[in-house]
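Asks: For reference, the file query15.cif (mmCIF, C-alpha atoms) is included below:
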```
data_data
#
loop_
_atom_site.label_atom_id
_atom_site.label_comp_id
_atom_site.auth_asym_id
_atom_site.auth_seq_id
_atom_site.Cartn_x
_atom_site.Cartn_y
_atom_site.Cartn_z
CA MET A 24 25.21 -86.55 62.76
CA ALA A 25 23.09 -87.55 59.78
CA GLU A 26 24.35 -87.33 56.20
CA TRP A 27 21.77 -86.04 53.74
CA ASN A 28 21.65 -85.08 50.12
CA LEU A 29 19.98 -81.79 49.25
CA VAL A 30 16.48 -83.14 48.66
CA GLU A 31 16.60 -85.02 51.98
CA ALA A 32 17.70 -81.80 53.68
CA VAL A 33 14.65 -80.04 52.22
CA ASN A 34 12.42 -82.85 53.47
CA HIS A 35 13.84 -82.67 56.99
CA ALA A 36 13.56 -78.88 57.13
CA LEU A 37 9.89 -79.09 56.12
CA ALA A 38 9.27 -81.85 58.68
CA HIS A 39 10.96 -79.89 61.44
CA GLU A 40 8.91 -76.78 60.85
CA LEU A 41 5.64 -78.69 60.41
CA ALA A 42 6.24 -80.19 63.85
CA ALA A 43 7.32 -76.91 65.42
CA ASP A 44 4.78 -74.48 63.96
CA PRO A 45 1.08 -75.43 63.53
CA ALA A 46 0.64 -72.55 61.05
CA ILE A 47 2.87 -74.24 58.46
CA VAL A 48 0.88 -75.84 55.59
CA LEU A 49 2.31 -77.48 52.46
CA LEU A 50 0.49 -77.52 49.13
CA GLY A 51 1.28 -78.49 45.57
CA GLU A 52 0.68 -81.04 42.86
CA ASP A 53 1.45 -84.63 43.97
CA ILE A 54 3.26 -83.52 47.14
CA GLY A 55 1.10 -85.65 49.44
CA VAL A 56 0.52 -89.26 48.44
CA ASN A 57 3.42 -89.34 45.99
CA GLY A 58 5.79 -87.13 48.00
CA GLY A 59 6.47 -84.73 45.13
CA VAL A 60 8.08 -85.22 41.75
CA PHE A 61 11.55 -85.33 43.37
CA ARG A 62 10.25 -86.84 46.66
CA ALA A 63 11.06 -83.68 48.61
CA THR A 64 7.86 -84.12 50.64
CA ILE A 65 7.80 -87.90 50.88
CA GLY A 66 6.27 -89.21 54.10
CA LEU A 67 5.06 -85.81 55.27
CA GLN A 68 1.35 -86.31 54.50
CA GLN A 69 1.39 -89.66 56.31
CA ARG A 70 3.03 -88.00 59.32
CA PHE A 71 1.16 -84.67 59.48
CA GLY A 72 -2.12 -85.42 57.70
CA ALA A 73 -3.87 -84.39 54.49
CA GLU A 74 -5.08 -81.10 56.01
CA ARG A 75 -1.50 -79.85 56.39
CA VAL A 76 0.14 -81.53 53.37
CA ILE A 77 -2.32 -80.86 50.59
CA ASP A 78 -2.40 -82.36 47.10
CA THR A 79 -3.63 -79.84 44.55
CA PRO A 80 -4.65 -80.01 40.90
CA LEU A 81 -2.10 -79.24 38.20
CA ALA A 82 -2.84 -75.50 38.34
CA GLU A 83 0.09 -73.24 39.21
CA ALA A 84 -2.00 -70.05 39.32
CA ALA A 85 -4.39 -71.71 41.75
CA ILE A 86 -1.54 -73.04 43.92
CA ALA A 87 -0.02 -69.56 44.23
CA GLY A 88 -3.41 -67.88 44.69
CA VAL A 89 -4.49 -70.27 47.43
CA ALA A 90 -1.11 -69.78 49.13
CA VAL A 91 -1.59 -66.00 49.12
CA GLY A 92 -5.06 -66.42 50.62
CA MET A 93 -3.74 -68.78 53.30
CA ALA A 94 -0.99 -66.30 54.21
CA ALA A 95 -3.50 -63.46 54.43
CA MET A 96 -5.57 -65.54 56.86
CA GLY A 97 -2.68 -66.24 59.23
CA LEU A 98 -1.24 -69.50 57.92
CA LYS A 99 2.33 -69.96 56.67
CA PRO A 100 1.97 -71.84 53.36
CA VAL A 101 4.88 -73.54 51.62
CA ALA A 102 3.81 -74.07 48.03
CA GLU A 103 5.64 -76.29 45.55
CA ILE A 104 5.73 -75.62 41.81
CA GLN A 105 7.02 -78.81 40.18
CA PHE A 106 9.46 -77.01 37.83
CA THR A 107 10.19 -73.31 37.39
CA GLY A 108 9.40 -73.61 33.68
CA PHE A 109 5.75 -73.98 34.71
CA ILE A 110 5.74 -71.12 37.19
CA TYR A 111 4.67 -68.44 34.71
CA PRO A 112 0.90 -68.94 35.16
CA ALA A 113 1.51 -68.21 38.87
CA MET A 114 3.33 -64.93 38.20
CA ASP A 115 0.17 -62.84 38.46
CA GLN A 116 -0.45 -64.04 42.02
CA ILE A 117 3.23 -63.73 42.97
CA VAL A 118 3.91 -60.30 41.48
CA ASN A 119 0.55 -58.58 41.91
CA HIS A 120 -0.47 -59.97 45.28
CA ALA A 121 2.19 -61.83 47.32
CA SER A 122 4.97 -59.30 46.76
CA ARG A 123 2.70 -56.27 47.36
CA MET A 124 0.81 -57.38 50.46
CA ARG A 125 2.92 -55.41 52.96
CA HIS A 126 3.08 -52.29 50.79
CA ARG A 127 -0.60 -52.40 49.78
CA THR A 128 -1.79 -52.61 53.39
CA ARG A 129 0.74 -50.02 54.64
CA GLY A 130 2.31 -52.68 56.83
CA ARG A 131 -0.91 -53.93 58.42
CA MET A 132 -0.53 -57.32 56.72
CA SER A 133 2.37 -59.40 55.48
CA CYS A 134 2.48 -62.47 53.24
CA PRO A 135 4.53 -65.18 54.98
CA LEU A 136 4.63 -67.73 52.19
CA VAL A 137 7.46 -69.75 50.68
CA LEU A 138 7.22 -70.80 47.07
CA ARG A 139 9.60 -73.71 46.41
CA SER A 140 10.56 -74.88 42.94
CA PRO A 141 13.28 -77.07 41.39
CA CYS A 142 15.36 -75.08 38.92
CA GLY A 143 18.30 -75.26 36.55
CA GLY A 144 19.68 -77.76 34.07
CA GLY A 145 21.94 -80.77 34.09
CA ILE A 146 19.49 -83.66 34.46
CA HIS A 147 18.61 -84.12 30.77
CA ALA A 148 15.04 -83.00 31.32
CA PRO A 149 12.65 -81.94 28.53
CA GLU A 150 11.76 -78.34 27.71
CA HIS A 151 10.38 -76.18 30.54
CA HIS A 152 12.10 -78.36 33.19
CA SER A 153 15.51 -76.64 33.34
CA GLU A 154 14.78 -72.92 33.70
CA SER A 155 16.94 -70.49 35.71
CA PRO A 156 14.60 -67.51 36.27
CA GLU A 157 16.21 -66.08 39.41
CA ALA A 158 16.87 -62.66 37.83
CA MET A 159 13.20 -62.33 36.87
CA PHE A 160 12.09 -62.83 40.48
CA ALA A 161 14.90 -60.66 41.84
CA HIS A 162 13.56 -57.79 39.77
CA VAL A 163 10.24 -57.78 41.67
CA PRO A 164 10.12 -55.47 44.73
CA GLY A 165 8.85 -57.26 47.80
CA LEU A 166 10.21 -60.70 46.97
CA ARG A 167 13.17 -62.38 48.65
CA VAL A 168 14.96 -64.88 46.35
CA VAL A 169 17.06 -67.70 47.81
CA MET A 170 18.99 -70.53 46.13
CA PRO A 171 20.97 -73.03 48.26
CA SER A 172 24.11 -74.74 46.97
CA SER A 173 24.52 -77.59 49.47
CA PRO A 174 22.42 -79.84 51.74
CA ARG A 175 23.48 -77.93 54.85
CA ARG A 176 22.53 -74.56 53.40
CA ALA A 177 19.30 -75.96 51.96
CA TYR A 178 18.24 -77.09 55.45
CA GLY A 179 19.20 -73.87 57.24
CA LEU A 180 18.02 -71.42 54.59
CA LEU A 181 14.66 -73.15 54.09
CA LEU A 182 14.03 -72.97 57.84
CA ALA A 183 14.84 -69.25 57.73
CA ALA A 184 12.56 -68.78 54.72
CA MET A 185 9.64 -70.45 56.52
CA ARG A 186 10.16 -68.17 59.51
CA ASP A 187 10.34 -65.00 57.42
CA PRO A 188 7.24 -62.76 57.56
CA ASP A 189 7.40 -61.90 53.85
CA PRO A 190 7.28 -63.96 50.62
CA VAL A 191 10.35 -66.00 49.69
CA ILE A 192 11.03 -67.62 46.32
CA PHE A 193 13.13 -70.68 47.21
CA LEU A 194 14.81 -72.16 44.12
CA GLU A 195 16.31 -75.65 44.50
CA PRO A 196 18.92 -76.73 41.91
CA THR A 197 17.73 -80.10 40.58
CA ARG A 198 21.26 -81.13 39.63
CA LEU A 199 22.29 -80.94 43.30
CA TYR A 200 19.31 -82.86 44.69
CA ARG A 201 21.20 -86.16 44.83
CA LEU A 202 24.71 -85.14 43.74
CA TYR A 203 26.37 -85.67 47.12
CA ARG A 204 25.74 -85.93 50.85
CA GLU A 205 27.06 -83.94 53.78
CA GLU A 206 26.52 -83.92 57.52
CA VAL A 207 23.58 -81.82 58.68
CA GLU A 208 22.52 -81.41 62.30
CA ASP A 209 18.72 -81.67 62.53
CA VAL A 210 18.20 -79.27 65.43
CA GLY A 211 16.14 -76.61 63.65
CA ALA A 212 18.98 -74.09 63.38
CA ALA A 213 18.29 -71.60 60.60
CA LEU A 214 21.02 -69.94 58.57
CA PRO A 215 20.91 -66.18 58.03
CA LEU A 216 19.15 -64.85 54.94
CA ASP A 217 20.52 -61.87 52.98
CA THR A 218 24.10 -62.97 53.68
CA CYS A 219 26.74 -64.40 51.35
CA PHE A 220 28.76 -67.40 52.49
CA THR A 221 32.51 -67.29 51.91
CA LEU A 222 33.42 -70.91 51.17
CA ARG A 223 37.11 -70.44 50.52
CA ASP A 224 39.59 -67.67 51.32
CA GLY A 225 41.99 -66.28 48.75
CA ALA A 226 43.98 -63.18 47.91
CA ASP A 227 44.36 -63.33 44.12
CA LEU A 228 40.85 -63.52 42.67
CA THR A 229 37.20 -63.45 43.78
CA LEU A 230 34.85 -66.07 42.32
CA VAL A 231 31.16 -65.34 42.94
CA SER A 232 28.44 -67.90 42.24
CA TRP A 233 25.26 -69.54 43.55
CA GLY A 234 23.20 -72.70 43.25
CA ALA A 235 24.55 -75.61 41.23
CA MET A 236 27.34 -73.51 39.73
CA VAL A 237 29.06 -73.32 43.11
CA THR A 238 30.21 -76.91 42.52
CA GLU A 239 32.04 -76.03 39.27
CA THR A 240 33.37 -72.83 40.85
CA LEU A 241 34.93 -74.76 43.74
CA MET A 242 36.45 -77.23 41.25
CA ALA A 243 38.01 -74.32 39.36
CA ALA A 244 39.32 -72.84 42.64
CA ASP A 245 40.96 -76.19 43.46
CA GLU A 246 42.70 -76.25 40.08
CA LEU A 247 43.80 -72.62 40.45
CA ALA A 248 45.30 -73.47 43.85
CA HIS A 249 47.40 -76.19 42.18
CA GLN A 250 48.68 -73.45 39.88
CA GLY A 251 49.54 -71.20 42.82
CA VAL A 252 46.53 -68.88 42.45
CA MET A 253 44.40 -68.52 45.57
CA ALA A 254 40.79 -67.74 44.69
CA GLU A 255 38.21 -66.60 47.23
CA VAL A 256 34.89 -68.36 46.57
CA ILE A 257 31.62 -66.68 47.58
CA ASP A 258 28.24 -68.41 47.54
CA VAL A 259 25.67 -65.61 47.18
CA ALA A 260 22.81 -67.83 48.51
CA THR A 261 20.29 -64.96 48.87
CA LEU A 262 20.00 -63.37 45.45
CA LYS A 263 17.59 -60.65 46.52
CA PRO A 264 18.50 -58.65 48.53
CA LEU A 265 22.15 -58.96 47.53
CA ASP A 266 24.84 -58.89 50.21
CA MET A 267 27.18 -56.66 48.25
CA GLY A 268 29.18 -55.81 51.37
CA THR A 269 30.79 -59.27 51.45
CA ILE A 270 31.48 -59.21 47.70
CA LEU A 271 32.94 -55.68 47.72
CA ALA A 272 35.16 -56.48 50.70
CA SER A 273 36.52 -59.52 48.86
CA VAL A 274 37.14 -57.56 45.66
CA ALA A 275 38.94 -54.91 47.71
CA ARG A 276 41.36 -57.64 48.80
CA THR A 277 41.81 -59.43 45.46
CA GLY A 278 41.28 -56.73 42.83
CA ARG A 279 39.72 -59.23 40.45
CA CYS A 280 36.26 -60.76 40.16
CA ILE A 281 34.49 -63.37 38.03
CA VAL A 282 30.75 -64.01 38.43
CA VAL A 283 29.56 -67.50 37.46
CA HIS A 284 25.92 -68.41 36.82
CA GLU A 285 24.03 -70.76 34.55
CA ALA A 286 21.13 -68.40 33.79
CA ALA A 287 21.13 -66.48 30.52
CA ARG A 288 23.78 -63.80 30.30
CA SER A 289 21.78 -60.70 29.33
CA ALA A 290 20.23 -58.83 32.26
CA GLY A 291 21.32 -61.61 34.61
CA LEU A 292 22.42 -61.18 38.21
CA GLY A 293 26.04 -61.29 37.04
CA ALA A 294 25.44 -57.96 35.33
CA GLU A 295 23.86 -56.58 38.51
CA ILE A 296 26.86 -57.61 40.63
CA ALA A 297 29.31 -56.19 38.06
CA ALA A 298 27.40 -52.90 38.04
CA HIS A 299 27.53 -52.67 41.85
CA ILE A 300 31.28 -53.25 41.77
CA ALA A 301 31.67 -50.58 39.09
CA GLU A 302 29.66 -48.09 41.17
CA GLU A 303 31.14 -48.80 44.59
CA GLY A 304 34.43 -50.64 44.16
CA ILE A 305 35.96 -49.66 40.84
CA TYR A 306 39.13 -48.28 42.45
CA SER A 307 39.79 -51.74 43.91
CA LEU A 308 39.83 -53.38 40.50
CA ARG A 309 43.01 -54.43 38.76
CA ALA A 310 41.09 -55.95 35.84
CA PRO A 311 37.53 -55.77 34.45
CA VAL A 312 34.84 -57.89 36.13
CA LEU A 313 34.15 -60.96 33.97
CA ARG A 314 31.05 -63.15 33.68
CA VAL A 315 30.91 -66.89 32.91
CA THR A 316 27.27 -67.66 32.21
CA GLY A 317 24.71 -69.58 30.22
CA TYR A 318 23.68 -68.24 26.84
CA ASP A 319 20.73 -66.18 25.66
CA VAL A 320 18.94 -69.22 24.29
CA VAL A 321 16.46 -71.80 25.56
CA MET A 322 18.21 -74.50 27.60
CA PRO A 323 19.02 -77.24 25.03
CA LEU A 324 17.99 -80.85 25.43
CA GLY A 325 20.05 -83.90 26.41
CA ARG A 326 23.75 -83.94 25.76
CA LEU A 327 23.78 -80.37 24.43
CA GLU A 328 23.22 -79.19 28.01
CA LYS A 329 26.98 -79.55 28.45
CA GLN A 330 27.52 -77.00 25.71
CA TYR A 331 25.27 -74.55 27.53
CA LEU A 332 26.24 -74.96 31.18
CA PRO A 333 29.42 -73.25 32.40
CA ASP A 334 32.07 -75.71 33.54
CA SER A 335 35.35 -75.43 35.40
CA GLN A 336 37.30 -75.10 32.14
CA ARG A 337 35.36 -71.98 31.14
CA ILE A 338 35.93 -70.54 34.62
CA LEU A 339 39.65 -71.32 34.39
CA ALA A 340 39.86 -69.63 30.98
CA ALA A 341 38.23 -66.51 32.42
CA ALA A 342 40.59 -66.64 35.40
CA LYS A 343 43.59 -66.78 33.07
CA ARG A 344 42.25 -63.78 31.17
CA THR A 345 41.66 -61.64 34.25
CA LEU A 346 44.99 -62.59 35.83
CA GLU A 347 46.82 -61.53 32.67
CA ASP A 348 45.33 -58.03 32.95
CA THR A 349 47.32 -55.57 35.04
#
```
Rewrite the structure from the file as structure tokens, please.

Replies:
Amino acid sequence: MAEWNLVEAVNHALAHELAADPAIVLLGEDIGVNGGVFRATIGLQQRFGAERVIDTPLAEAAIAGVAVGMAAMGLKPVAEIQFTGFIYPAMDQIVNHASRMRHRTRGRMSCPLVLRSPCGGGIHAPEHHSESPEAMFAHVPGLRVVMPSSPRRAYGLLLAAMRDPDPVIFLEPTRLYRLYREEVEDVGAALPLDTCFTLRDGADLTLVSWGAMVTETLMAADELAHQGVMAEVIDVATLKPLDMGTILASVARTGRCIVVHEAARSAGLGAEIAAHIAEEGIYSLRAPVLRVTGYDVVMPLGRLEKQYLPDSQRILAAAKRTLEDT
């Protein structure tokens, strides 16, 4: 079985679906000849041709608009926005057209497009290259929002996204692109969307996270285990719609929950998950739900990223606080 890092898993998922489905078309700035800014599409134009792997101008609104038009005409476009910090010019096409296609046509048409974009901090990038806008997309009715946390889940979830009949925002954590490798079977097996993945069982505490923060969360769970505290770790994976059933069932067993994300704290998905638990699982709680998050500021540059991004020590401090509550 092959061992891939996350960006290689994305490349293989795209290649698999290009070969399997003639309706799949890729488009984006520099994705063809250059293989994309992170080389996620390297070799695909040479293999499948310039009519299916299309280089576009640096024009995010045009990329999203063309993708919507392709989807309306029966293709299945997979558009790449180089960094989520540059996705805002495309928001009009995403929010006013892609997300509303099924509703606007009373179900006569759908919009089967995937919009991929690197996201998050941790690679010392300049401004606009380290955004975590998942909550903004999750707020839009009609959009599905997915963020993988490992090569295996990137491969399986991207395949599922490309086979979905409605628009999917697929956010790829840049910090994980080449962080590690794991075995992935390249047989075209999709993973289920709209489902959390329980990565570790535990009875004392529930840790909920997604994307790059799953790495720090698992590190904290390892340290807690050395201290005799067994934490259940849940990778949300699909951020919209949320699989609250898995999270609520875990909280019912543990009585304690910490949500970890690197996006800004206010109005983030951590608040949404905490609100769901308050509405539907408050009698399971033995302590308040806590959040370990980024801050309500622009992602800082260079070495100050470490001051912004949650790490295992902040998660452990929150765990100590919630375990002390009775």

Asks: Would you please work out which residue, of A:Ser232, A:Thr240, A:Gly225, A:Val321, is nearest to Ala275 in chain A when using all atoms listed in the file?

Replies: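 Going through A:Ser232, A:Thr240, A:Gly225, A:Val321 one by one, the smallest distance to Ala275 in chain A is for A:Gly225.
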
Asks: To one decimal in Å, tell me the separation between CA of Gly179 in chain A and CA of Val30 in chain A.

Replies: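 Spanning CA of Gly179 in chain A to CA of Val30 in chain A is a straight-line distance of 12.9 Å.
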
Asks: Return as a list in words the set of residues that the PyMOL selection byres ((chain A and resi 29) around 10) yields on the displayed structure.

Replies: Glu26, Trp27, Asn28, Val30, Glu31, Ala32, Val33, Asn34, His35, Ala63, Pro171, Ser172, Ser173, Pro174, Arg175, Arg176, Ala177, Tyr178, Glu195, Pro196, Thr197, Arg198, Leu199, Tyr200, Arg201, Leu202, Tyr203, Arg204 and Glu205 of chain A

Asks: I'd like the residues picked by the PyMOL selection byres ((chain A and resi 262) around 8) written out as a ChimeraX atom specification, using the chain letters and numbers from the file.

Replies: /A:157,161,167-170,217,259-261,263-265,292

Asks: Once the PyMOL selection byres ((chain A and resi 80) around 8) is applied to the coordinates I shared, what remains selected? I want it as a list in words.

Replies: Gly51, Glu52, Asp78, Thr79, Leu81 and Ala82 of chain A

Asks: Hey, could you make a per-residue contact list for range 254-346 of chain A against range 141-146 of chain A with 10 Å as the cut-off, showing the nearest pair of atoms and its distance in Å to one decimal, counting only C-alpha atoms, sorted by chain and number, as a Markdown table?

Replies:
```
| residue | atom | partner | partner_atom | distance |
| --- | --- | --- | --- | --- |
| A:Glu285 | CA | A:Gly143 | CA | 7.6 |
| A:Ala286 | CA | A:Gly143 | CA | 7.9 |
| A:Met322 | CA | A:Gly144 | CA | 7.4 |
| A:Pro323 | CA | A:Gly144 | CA | 9.1 |
| A:Leu324 | CA | A:Gly144 | CA | 9.3 |
| A:Gly325 | CA | A:Ile146 | CA | 8.1 |
| A:Arg326 | CA | A:Gly145 | CA | 9.1 |
| A:Leu327 | CA | A:Gly145 | CA | 9.8 |
| A:Glu328 | CA | A:Gly145 | CA | 6.4 |
| A:Lys329 | CA | A:Gly145 | CA | 7.7 |
| A:Tyr331 | CA | A:Gly144 | CA | 9.2 |
| A:Leu332 | CA | A:Gly144 | CA | 7.7 |
```

Asks: So which one's closest to Ala183 in chain A, A:Arg129, A:Pro215, A:Ser307, A:Glu40? Using all atoms listed in the file, please.

Replies: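 Counting all atoms listed in the file, the residue closest to Ala183 in chain A is A:Pro215.
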
Asks: Which residues are close to Leu136 in chain A, i.e. within 12 Å by only C-alpha atoms, leaving aside same-chain residues fewer than 3 positions away? Reply as a PyMOL selection string.

Replies: chain A and resi 46-50+86-103+116-117+120-122+124+133+139+166-167+181+183-193

Asks: In terms of the shortest atom-to-atom distance over all atoms listed in the file, which of A:Ala297, A:Ile110, A:Met253, A:Ala38 is closest to Leu194 in chain A?

Replies: A:Ile110

Asks: Please return as number ranges by chain every residue within 8 Å of (8.7, -54.2, 47.6), taking into account all atoms listed in the file and the file's own coordinates.

Replies: A: 122-123, 125-126, 163-166

Asks: What separation in Å, quoted to one decimal, exists between CA of Asp319 in chain A and CA of Arg337 in chain A?

Replies: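 Those two atoms sit 16.7 Å apart.
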
Asks: Quick one: distance from CA of Leu339 in chain A to CA of Pro149 in chain A in Å, one decimal?

Replies: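 Going from CA of Leu339 in chain A over to CA of Pro149 in chain A, I get 29.6 Å.
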
Asks: So, with all atoms listed in the file as the atoms that count, which of A:Val312, A:Leu41, A:Ala158, A:Ala84 lies closest to Thr64 in chain A?

Replies: A:Leu41
